[in-house]
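Enquirer: Pasting a structure here, questions to come.
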Amino acid sequence: MVGGRVPASRRREECVMAKYLAKARYNAEGARALVKDGRSARVAAVTKATKAIGGKVESFYFAYSGDDAFVIVDVPDAASGLALSLAVNASGSVSLELVPLITAKEMDAAAEIMVKYRAPGQ
C-alpha cells in the first residue's frame, strides 16, 4: 500500500473477493478505549482500514461473549486479509482471529477432488 492506496497491481475491480469472519477480543486497554471513544468510532476505523486494502466491511456486530466483536469483511485476497490481521494484532489492544468463510459452491468443488490419505497407524 502506498499513501493509503492499494497499488494498481493489487486492485481487482471485477473479481470475487475473499470473505472472512473477523473475531475480535479487546484487552483491558482496548476496552477502555472502546468506552472512551465510542463504538461507532471503532466501526469507522475498521471500515477505513479495510477500504485501504481494497476491501469492504459487510457487517460489524459487537457481542458479549468470549469474543467482543464479529465482523464480516470482503478483501481482494488472502494476503490482504493477512495484512489486516497483522495490523490489528500488532496494535496490542485487540486480538483478532480471521476465519476464511467458504461458500457451498467452494465446498462442492472441494468434495469433487479425490485425496488419497493414510491415517496414522493404518
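In the C-alpha cells, chains take the letters A, B, ... in the order shown, each chain's residues start at 1, and ligands count up from 1 in the order shown.
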Neighbouring residues of A:Val71 were defined as those with any atom within 8 Å, considering only C-alpha atoms; residues of the same chain fewer than 2 positions away were excluded. Please report them as a list of chain:residue names.

Expert: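 That gives A:Leu21, A:Ala22, A:Lys23, A:Val57, A:Glu58, A:Ser59, A:Phe60, A:Tyr61, A:Ala69, A:Val73.
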
Enquirer: Keeping only N, CA and C atoms, write those residues as a PDB file, in the first residue's frame.

Expert:
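Final output, saved to result-v7.pdb:
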ATOM      1  N   LEU A  21     -14.563 -13.988   8.412  1.00  0.00           N
ATOM      2  CA  LEU A  21     -15.183 -13.617   9.673  1.00  0.00           C
ATOM      3  C   LEU A  21     -14.046 -13.211  10.600  1.00  0.00           C
ATOM      4  N   ALA A  22     -14.057 -11.980  11.047  1.00  0.00           N
ATOM      5  CA  ALA A  22     -13.057 -11.498  11.997  1.00  0.00           C
ATOM      6  C   ALA A  22     -13.678 -11.543  13.382  1.00  0.00           C
ATOM      7  N   LYS A  23     -13.033 -12.274  14.290  1.00  0.00           N
ATOM      8  CA  LYS A  23     -13.487 -12.359  15.679  1.00  0.00           C
ATOM      9  C   LYS A  23     -12.491 -11.577  16.522  1.00  0.00           C
ATOM     10  N   VAL A  57     -16.319  -3.739   4.520  1.00  0.00           N
ATOM     11  CA  VAL A  57     -16.956  -4.361   5.674  1.00  0.00           C
ATOM     12  C   VAL A  57     -18.393  -4.677   5.290  1.00  0.00           C
ATOM     13  N   GLU A  58     -18.759  -5.940   5.367  1.00  0.00           N
ATOM     14  CA  GLU A  58     -20.128  -6.353   5.069  1.00  0.00           C
ATOM     15  C   GLU A  58     -21.023  -6.121   6.279  1.00  0.00           C
ATOM     16  N   SER A  59     -20.519  -6.491   7.461  1.00  0.00           N
ATOM     17  CA  SER A  59     -21.294  -6.294   8.687  1.00  0.00           C
ATOM     18  C   SER A  59     -20.343  -6.229   9.876  1.00  0.00           C
ATOM     19  N   PHE A  60     -20.802  -5.558  10.927  1.00  0.00           N
ATOM     20  CA  PHE A  60     -19.995  -5.393  12.141  1.00  0.00           C
ATOM     21  C   PHE A  60     -20.949  -5.475  13.323  1.00  0.00           C
ATOM     22  N   TYR A  61     -20.716  -6.437  14.206  1.00  0.00           N
ATOM     23  CA  TYR A  61     -21.558  -6.607  15.383  1.00  0.00           C
ATOM     24  C   TYR A  61     -20.697  -6.710  16.632  1.00  0.00           C
ATOM     25  N   ALA A  69     -16.389  -8.686  19.307  1.00  0.00           N
ATOM     26  CA  ALA A  69     -16.952  -8.189  18.045  1.00  0.00           C
ATOM     27  C   ALA A  69     -16.807  -9.256  16.974  1.00  0.00           C
ATOM     28  N   VAL A  73     -15.814  -9.338   6.530  1.00  0.00           N
ATOM     29  CA  VAL A  73     -15.132  -8.466   5.577  1.00  0.00           C
ATOM     30  C   VAL A  73     -14.897  -9.199   4.269  1.00  0.00           C
TER      31      VAL A  73
END

Enquirer: Restrict the calculation to only C-alpha atoms, then for each residue of stretch 4-106 of chain A with any atom at most 12 Å from an atom of stretch 110-118 of chain A give the closest atom pair and their distance in Å to one decimal, rows by chain and rising residue number, as CSV.

Expert:
residue,atom,partner,partner_atom,distance
A:Ile102,CA,A:Ala110,CA,10.4
A:Thr103,CA,A:Ala110,CA,10.7
A:Ala104,CA,A:Ala110,CA,9.8
A:Lys105,CA,A:Ala110,CA,8.7
A:Glu106,CA,A:Ala110,CA,6.2

Enquirer: Keeping only C-alpha atoms, write the selected residues as a compact mmCIF listing (two decimals), in the first residue's frame.

Expert:
# COMPACT_ATOMS: atom_id res chain seq x y z
CA ILE A 102 -16.31 -20.94 2.43
CA THR A 103 -19.33 -20.96 0.12
CA ALA A 104 -21.40 -24.07 -0.64
CA LYS A 105 -20.08 -23.93 -4.22
CA GLU A 106 -16.49 -23.97 -2.96

Enquirer: List every residue of chain A that DSSP, applied to the backbone of this structure, places in strand (DSSP E), and write the result as a ChimeraX atom specification.

Expert: /A:18-26,56-62,69-75,94-100

Enquirer: With N, CA and C atoms retained, write the just-selected residues as a tab-separated table (two decimals), in the first residue's frame.

Expert:
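The new file selection.tsv reads:
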chain	number	residue	atom	x	y	z
A	18	ALA	N	-12.34	-12.43	-1.33
A	18	ALA	CA	-12.26	-13.43	-0.26
A	18	ALA	C	-13.07	-12.90	0.92
A	19	LYS	N	-13.89	-13.75	1.49
A	19	LYS	CA	-14.75	-13.35	2.61
A	19	LYS	C	-14.23	-13.98	3.90
A	20	TYR	N	-14.14	-13.16	4.95
A	20	TYR	CA	-13.63	-13.61	6.23
A	20	TYR	C	-14.55	-13.17	7.36
A	21	LEU	N	-14.56	-13.99	8.41
A	21	LEU	CA	-15.18	-13.62	9.67
A	21	LEU	C	-14.05	-13.21	10.60
A	22	ALA	N	-14.06	-11.98	11.05
A	22	ALA	CA	-13.06	-11.50	12.00
A	22	ALA	C	-13.68	-11.54	13.38
A	23	LYS	N	-13.03	-12.27	14.29
A	23	LYS	CA	-13.49	-12.36	15.68
A	23	LYS	C	-12.49	-11.58	16.52
A	24	ALA	N	-12.97	-10.51	17.16
A	24	ALA	CA	-12.09	-9.63	17.91
A	24	ALA	C	-12.33	-9.76	19.41
A	25	ARG	N	-11.23	-9.75	20.16
A	25	ARG	CA	-11.27	-9.73	21.62
A	25	ARG	C	-10.43	-8.56	22.09
A	26	TYR	N	-11.06	-7.62	22.78
A	26	TYR	CA	-10.34	-6.46	23.28
A	26	TYR	C	-9.69	-6.80	24.62
A	56	LYS	N	-14.02	-4.35	1.84
A	56	LYS	CA	-15.19	-3.68	2.42
A	56	LYS	C	-15.71	-4.47	3.60
A	57	VAL	N	-16.32	-3.74	4.52
A	57	VAL	CA	-16.96	-4.36	5.67
A	57	VAL	C	-18.39	-4.68	5.29
A	58	GLU	N	-18.76	-5.94	5.37
A	58	GLU	CA	-20.13	-6.35	5.07
A	58	GLU	C	-21.02	-6.12	6.28
A	59	SER	N	-20.52	-6.49	7.46
A	59	SER	CA	-21.29	-6.29	8.69
A	59	SER	C	-20.34	-6.23	9.88
A	60	PHE	N	-20.80	-5.56	10.93
A	60	PHE	CA	-19.99	-5.39	12.14
A	60	PHE	C	-20.95	-5.47	13.32
A	61	TYR	N	-20.72	-6.44	14.21
A	61	TYR	CA	-21.56	-6.61	15.38
A	61	TYR	C	-20.70	-6.71	16.63
A	62	PHE	N	-21.09	-6.01	17.67
A	62	PHE	CA	-20.48	-6.19	18.98
A	62	PHE	C	-21.24	-7.31	19.68
A	69	ALA	N	-16.39	-8.69	19.31
A	69	ALA	CA	-16.95	-8.19	18.05
A	69	ALA	C	-16.81	-9.26	16.97
A	70	PHE	N	-17.79	-9.26	16.08
A	70	PHE	CA	-17.78	-10.15	14.91
A	70	PHE	C	-17.94	-9.26	13.69
A	71	VAL	N	-17.00	-9.38	12.75
A	71	VAL	CA	-17.01	-8.54	11.57
A	71	VAL	C	-16.85	-9.43	10.35
A	72	ILE	N	-17.71	-9.22	9.36
A	72	ILE	CA	-17.57	-9.94	8.09
A	72	ILE	C	-16.97	-8.95	7.10
A	73	VAL	N	-15.81	-9.34	6.53
A	73	VAL	CA	-15.13	-8.47	5.58
A	73	VAL	C	-14.90	-9.20	4.27
A	74	ASP	N	-14.91	-8.43	3.19
A	74	ASP	CA	-14.51	-8.92	1.87
A	74	ASP	C	-13.19	-8.23	1.56
A	75	VAL	N	-12.18	-9.02	1.21
A	75	VAL	CA	-10.87	-8.47	0.86
A	75	VAL	C	-10.42	-9.10	-0.46
A	94	VAL	N	-6.12	-5.39	20.80
A	94	VAL	CA	-7.14	-6.34	20.40
A	94	VAL	C	-6.46	-7.58	19.83
A	95	SER	N	-7.08	-8.71	20.05
A	95	SER	CA	-6.63	-9.97	19.47
A	95	SER	C	-7.64	-10.35	18.40
A	96	LEU	N	-7.17	-10.54	17.19
A	96	LEU	CA	-8.06	-10.81	16.06
A	96	LEU	C	-7.81	-12.20	15.51
A	97	GLU	N	-8.88	-12.95	15.34
A	97	GLU	CA	-8.82	-14.23	14.64
A	97	GLU	C	-9.58	-14.05	13.34
A	98	LEU	N	-8.92	-14.33	12.22
A	98	LEU	CA	-9.53	-14.16	10.92
A	98	LEU	C	-9.84	-15.54	10.34
A	99	VAL	N	-11.13	-15.82	10.15
A	99	VAL	CA	-11.58	-17.13	9.71
A	99	VAL	C	-12.07	-17.04	8.27
A	100	PRO	N	-11.46	-17.80	7.34
A	100	PRO	CA	-11.96	-17.77	5.96
A	100	PRO	C	-13.35	-18.39	5.90

Enquirer: Nearest residue to A:Leu101 out of A:Gly30, A:Gly38, A:Gly81, A:Gly66, using only C-alpha atoms?

Expert: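 Looking only at the distances to A:Leu101, the closest residue turns out to be A:Gly81.
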
Enquirer: Between atom CA of A:Asp68 and atom CA of A:Ala83, measure the distance and give it in Å to one decimal.

Expert: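 It comes out at 21.0 Å.
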
Enquirer: Would you please extract all alpha helix (DSSP H) residues from chain A, as assigned by DSSP on the backbone, and give them as a VMD selection string?

Expert: chain A and resid 28 to 37 39 to 52 78 to 90 104 to 111

Enquirer: Choose the residue, out of A:Ala52, A:Ala119, A:Leu34, A:Ala28, that has the smallest atom-to-atom separation from A:Pro76; count only C-alpha atoms.

Expert: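 Smallest distance to A:Pro76 is found for A:Ala52.
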
Enquirer: For atom CA of A:Asp67 and atom CA of A:Lys51, determine how far apart the two atoms are, in Å to one decimal place.

Expert: 23.3 Å

Enquirer: Report, in Å to a single decimal, how far apart atom CA of A:Asp108 and atom CA of A:Ser80 are.

Expert: 25.2 Å
